[in-house]
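**Student:** Sharing a structure below in structure tokens format, with a few things to ask.
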2 protein chains.
Amino acid sequence: MQHVDQILHADWVIPIEPSGVTLSDHCVAILGDRIVDVLPSARVSQNFTTDHEIALKDHALIPGLINCHAHAAMTLFRGLADDIPLEPWLRDHIWPAEARCVDRNFVHDGSLLAASEMLRSGTTCFNDMYFFPDEAAAAAIEAGIRAVVGMIVIGFPSAWAANVDEYLHNGQRVHDRYRTHPIIHTAFAPHAPYTVDDDTLRRIATLAEELDVPIQMHVHETQREVDQANAEDGRRPLARLAELGLLSHRLIAVHMTALNNDEIAELARAGVSVVHCPESNLKLASGFCPVAQLLEAGVNVALGTDGAASNNDLDMLSEMRTAALLAKGVANDPAAAPASQVLRMATYCGAKALGMEADLGSLEAGKLADIVAVDLGGIGAAPLYDPISQLVYSGHRDQISNVWVAGRRVVAERKLTNVDIASLKQTTDHWRDRIKN
Amino acid sequence: MQHVDQILHADWVIPIEPSGVTLSDHCVAILGDRIVDVLPSARVSQNFTTDHEIALKDHALIPGLINCHAHAAMTLFRGLADDIPLEPWLRDHIWPAEARCVDRNFVHDGSLLAASEMLRSGTTCFNDMYFFPDEAAAAAIEAGIRAVVGMIVIGFPSAWAANVDEYLHNGQRVHDRYRTHPIIHTAFAPHAPYTVDDDTLRRIATLAEELDVPIQMHVHETQREVDQANAEDGRRPLARLAELGLLSHRLIAVHMTALNNDEIAELARAGVSVVHCPESNLKLASGFCPVAQLLEAGVNVALGTDGAASNNDLDMLSEMRTAALLAKGVANDPAAAPASQVLRMATYCGAKALGMEADLGSLEAGKLADIVAVDLGGIGAAPLYDPISQLVYSGHRDQISNVWVAGRRVVAERKLTNVDIASLKQTTDHWRDRIKN
């Protein structure tokens with residue numbers, strides 16, 4: 001008989017591992033920040049005692065969703081400039097706004113807005129790439145969401161760093177600061193092959209080994225990127241990254257819309273993870289990631305929202321749905337990317353991309369208690385034949401009722417426990433007025 | 001000075017006509033089931049008196065969304081059989097379930113479930129195609145949603161009709177019954193070119209003229225449909241429909257994923273409306289409707305969810321977003337299908353497809369008061385640069401706070417005023433148990 005901190009009972013527990021399974025009338029026993037056991041509710045009293053028991057009727061418990069590619073602070077640019085081709089969008093809107101506004105406060109406030117939106121839609125961990133990652137970390141800690149903050153490196157100066165050496169130095173300071181933090185993790189985040197030079201990429205590959213962290217990078221985002229690289233140095237970006245020693249299980253290659261069969265095979269062989277951002281890819285007309293082919297080749301495919309400036313929300317339920325639908329359209333196969341596989345992409349595969357699959361991505365004894373309760377009792381999920389199907393094909397953020405990160409309840413009955421929404425709204429309004437002008 | 005029944009004030013009124021306009025601090029004055037005026041709130045006291053004034057802070061008012069293609073009753077099959085190719089999906093799952101379960105009660109209960117979901121997500125009118133259209137009408141009246149119920153015709157027997165003559169006869173009885181009804185309208189709904197013969201299609205063309213109603217039909221849903229028709233009678237289905245006299249402003253051609261340039265030009269010339277169902281097309285891998293090309297050619301393009309068995313929700317906000325995103329990806333142009341155009345597709349263009357643009361689809365004096373209030377005050381819509389952009393790219397059903405159909409409030413503070421959700425849920429559970437077995 002073991003005493004635990006809390007026991008969550010639900011009509012359905014979807015553990016993700018093993019894949020495709022839905023356990024009826026099960027519960028999750030939690031001690032500290034870890035899951036102790038997942039077992040039938042009927043058997044719990046034989047094994048555990050607790051002072052905190054929550055019964056979630058009509059609910060499914062799932063591992064927290066992992067948003068594997070975000071620029072959280074850019075949520076302050078949500079809807080600033082839509083329906084504009086990529087180059088004028090960056091040149092005339094996003095970059096000038098960034099030059100004018102991005103500082104420590106911007107990143108803190110934008111990241112807090114993003115963290116709040118993500119928690120309320122069932123995301124418990126996001127993999128971020130932006131300036132001032134220490135501020136993103138501070139906002140994540142404030143909201144109570146897990147974050148992998150990117151040690152960003154880009155070949156032009158910003159308010160965060162003047163040059164590549166400073167980017168690397170500042171990034172490593174952030175890494176050192178949060179090395180043992182329970183919910184803040186780090187990754188290298190070189191922006192893209194075309195904005196970071198060979199020497200820097202080699203240094204990042206070495207440093208990533210030393211620090212034992214992943215490397216997140218935009219790669220093959222558009223056919224144009226690939227064609228330009230090919231024209232300039234006779235190689236496709238992936239070939240260059242391979243020569244620089246970056247193609248490994250550490251690489252989180254984001255977007256990947258332009259891939260040939262040899263490259264897909266090479267990604268599988270090298271253990272590279274791909275992050276698919278279907279809504280951003282559509283909105284910016286970046287091309288179609290060959291998700292069904294990647295999955296068939298055995299590549300680990302995770303999901304991300306990208307920044308809210310090109311999405312325009314940070315809702316992983318909606319992203320799962322778009323991913324599941326789009327994969328079918330692109331593969332011309334209605335059986336491609338079935339619901340259970342897509343739910344796995346948004347959980348376990350995200351954890352694996354981040355190198356955290358031993359701790360995250362499924363509801364199993366020993367894993368961190370990052371857990372989301374989804375209310376399937378409403379008419380939008382009715383009739384309920386299959387909870388996984390309903391979650392992926394008709395799941396909406398209004399069904400997310402409770403969220404725990406590392407055993408701590410950060411959304412309770414649809415309300416954030418750590419963030420004051422009214423004050424957040426006010427801060428956001430202030431930024432809107434400043435950004436607009 | 002005129003006395004009106006109610007005046008709705010909002011921070012923003014998006015009238016749709018003229019296109020792309022957002023009016024700040026305006027109001028809508030309503031008398032009976034019609035809009036009397038749309039004017040600045042500051043000027044209302046000079047023109048109108050009323051006993052019912054509603055102030056919708058942080059809200060936008062838009063015309064009710066028009067779902068131009070639904071099989072409402074099939075909501076009872078939501079999630080019954082996902083991730084299955086079209087033919088086994090129909091043959092092994094949907095058709096057997098229909099054969100076993102579809103009767104008057106099924107259609108009533110399924111349509112009530114659909115109507116409830118649609119109202120709560122901002123849809124005020126749906127264009128339906130299913131058996132027992134009189135039951136769909138009864139459910140729509142019960143919920144208070146406007147419906148165009150289809151006089152379905154299909155070349156095989158069902159519980160609703162034994163043969164084509166009976167389909168036509170039963171359909172016209174429904175038409176007669178609701179001819180003067182304020183919120184029930186009718187359209188012919190021949191299922192598809194491959195399930196209705198020439199003679200019947202000719203009769204429908206004539207009858208549609210006589211009754212002055214539109215004709216809704218699945219057309220060119222897949223390349224396979226076009227190829228099979230071509231192989232069997234040497235013509236593409238659209239060419240056959242043209243010869244039968246069906247290509248006119250009366251035709252609401254649903255799906256249209258397989259089109260050549262000549263056909264697009266012909267649709268524009270003939271005034272045919274196309275209903276784009278992006279989520280269903282993706283889920284069933286039916287192909288990609290060339291939306292940007294159709295819009296450029298001047299074709300009237302409306303939006304529909306299709307049935308919940310292939311979507312899996314009836315949420316027009318989500319459908320708008322998918323349409324806006326997908327059009328960009330398919331056209332390889334991030335400026336394709338901009339937000340204001342997509343919002344127009346879901347409102348005015350839907351009304352036009354139904355031949356009801358004089359009464360519906362925009363907030364203008366003289367039009368029917370089918371109005372939706374969208375709460376843009378939450379953090380999911382923040383920061384708010386452009387209400388139309390936020391609505392299309394980050395709009396969620398949880399933002400729909402109030403809905404009026406023909407001046408009658410059918411959703412009040414996010415609750416349906418005419419439907420008991422608990423009892424609806426119970427009915428739905430009963431159907432699930434019956435359908436599953």
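Every chain in the structure tokens has a letter given in the order shown (A, B, ...), and although residue numbers restart at 1 in each chain, ligands are simply numbered from 1 in the order shown.
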Within 6 Å of chain A, which residues of chain B are there when counting only C-alpha atoms? Please give them as a list of chain:residue names.
**Tutor:**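 The complete set of qualifying residues is B:Leu80, B:Asp83, B:Ile84, B:Pro85, B:Leu282, B:Lys283, B:Leu284, B:Ala285, B:Asn312, B:Asp313, B:Leu325, B:Leu326, B:Lys328, B:Gly329, B:Asn332, B:Asp333, B:Pro334, B:Ala335, B:Pro338, B:Pro383, B:Tyr385, B:Tyr393, B:Ser394, B:Thr428, B:Arg432.
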**Student:** Residues of region 132-366 of chain B in alpha helix (DSSP H) according to DSSP, as an NGL selection string?
**Tutor:** :B and (133-143 or 164-177 or 198-211 or 223-233 or 237-243 or 261-270 or 278-283 or 291-297 or 316-331 or 339-345 or 348-353)
**Student:** Show which residues sit within 10 Å of Ala73 (chain B), as a VMD selection string. Count only C-alpha atoms, and ignore same-chain residues fewer than 6 positions away.
**Tutor:** chain B and resid 102 105 to 115 128 to 133 135 to 136 139 307 to 309
**Student:** Which residues are close to region 168-180 of chain B, i.e. within 10 Å by only C-alpha atoms, leaving aside same-chain residues fewer than 5 positions away? Reply as a tab-separated table (two decimals) with N, CA and C atoms, in the first residue's frame.
**Tutor:**
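Contents of selection33.tsv, freshly written:
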```
chain	number	residue	atom	x	y	z
B	131	PHE	N	-32.26	11.90	-46.43
B	131	PHE	CA	-33.59	11.32	-46.45
B	131	PHE	C	-34.47	11.99	-45.40
B	132	PHE	N	-35.79	11.90	-45.56
B	132	PHE	CA	-36.75	12.50	-44.63
B	132	PHE	C	-36.47	13.99	-44.37
B	133	PRO	N	-36.42	14.78	-45.45
B	133	PRO	CA	-36.12	16.21	-45.25
B	133	PRO	C	-37.16	16.92	-44.38
B	134	ASP	N	-38.37	16.36	-44.31
B	134	ASP	CA	-39.38	16.99	-43.44
B	134	ASP	C	-38.97	16.86	-41.97
B	135	GLU	N	-38.24	15.78	-41.63
B	135	GLU	CA	-37.76	15.64	-40.25
B	135	GLU	C	-36.60	16.60	-39.98
B	137	ALA	N	-36.38	19.44	-41.34
B	137	ALA	CA	-37.07	20.73	-41.19
B	137	ALA	C	-37.65	20.86	-39.78
B	149	VAL	N	-33.90	22.54	-46.85
B	149	VAL	CA	-33.93	21.07	-46.82
B	149	VAL	C	-34.03	20.54	-48.25
B	150	GLY	N	-33.23	19.52	-48.51
B	150	GLY	CA	-33.09	19.03	-49.88
B	150	GLY	C	-34.18	18.04	-50.25
B	151	MET	N	-34.77	18.26	-51.43
B	151	MET	CA	-35.68	17.26	-51.99
B	151	MET	C	-34.78	16.24	-52.67
B	152	ILE	N	-34.33	15.28	-51.84
B	152	ILE	CA	-33.30	14.34	-52.29
B	152	ILE	C	-33.86	13.41	-53.36
B	153	VAL	N	-33.02	13.12	-54.34
B	153	VAL	CA	-33.35	12.15	-55.39
B	153	VAL	C	-32.11	11.30	-55.63
B	154	ILE	N	-32.29	9.99	-55.57
B	154	ILE	CA	-31.15	9.09	-55.78
B	154	ILE	C	-31.69	7.80	-56.40
B	160	TRP	N	-37.06	6.41	-47.22
B	160	TRP	CA	-37.80	7.63	-47.55
B	160	TRP	C	-38.58	7.51	-48.85
B	161	ALA	N	-38.08	6.74	-49.81
B	161	ALA	CA	-38.75	6.62	-51.11
B	161	ALA	C	-38.27	5.37	-51.83
B	163	ASN	N	-38.55	4.76	-55.24
B	163	ASN	CA	-38.02	4.97	-56.59
B	163	ASN	C	-38.01	6.47	-56.89
B	185	HIS	N	-36.70	26.44	-46.06
B	185	HIS	CA	-36.70	26.61	-47.50
B	185	HIS	C	-36.37	25.25	-48.13
B	186	THR	N	-36.52	25.16	-49.43
B	186	THR	CA	-36.24	23.87	-50.07
B	186	THR	C	-35.35	24.04	-51.30
B	187	ALA	N	-34.70	22.95	-51.66
B	187	ALA	CA	-33.92	22.89	-52.90
B	187	ALA	C	-34.02	21.46	-53.40
B	188	PHE	N	-33.92	21.29	-54.73
B	188	PHE	CA	-33.76	19.91	-55.21
B	188	PHE	C	-32.36	19.44	-54.84
B	189	ALA	N	-32.27	18.14	-54.53
B	189	ALA	CA	-30.99	17.59	-54.12
B	189	ALA	C	-30.74	16.24	-54.77
B	190	PRO	N	-30.61	16.24	-56.14
B	190	PRO	CA	-30.19	14.99	-56.80
B	190	PRO	C	-28.79	14.65	-56.29
B	200	THR	N	-34.42	11.84	-65.19
B	200	THR	CA	-34.73	12.43	-63.90
B	200	THR	C	-34.08	13.81	-63.76
B	203	ARG	N	-36.11	16.29	-65.63
B	203	ARG	CA	-37.33	16.65	-64.88
B	203	ARG	C	-37.01	17.61	-63.75
B	204	ILE	N	-35.90	17.35	-63.06
B	204	ILE	CA	-35.52	18.22	-61.94
B	204	ILE	C	-35.22	19.64	-62.43
B	207	LEU	N	-38.62	21.22	-63.03
B	207	LEU	CA	-39.33	21.45	-61.77
B	207	LEU	C	-38.68	22.58	-60.96
B	211	LEU	N	-40.76	25.66	-59.46
B	211	LEU	CA	-40.85	25.94	-58.02
B	211	LEU	C	-39.93	27.08	-57.61
B	213	VAL	N	-36.56	27.09	-57.15
B	213	VAL	CA	-35.65	26.66	-56.08
B	213	VAL	C	-34.31	26.25	-56.71
```
**Student:** Work out how far apart CA of Glu142 (chain A) and CA of Val275 (chain A) are and give it in Å to one decimal.
**Tutor:** 26.5 Å
**Student:** Return the single residue from B:Ile54, B:Leu61, B:Val301, B:Cys125 that is closest to Ala143 (chain B), with distances computed using only C-alpha atoms.
**Tutor:**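 Closest to Ala143 (chain B), using only C-alpha atoms: B:Cys125.
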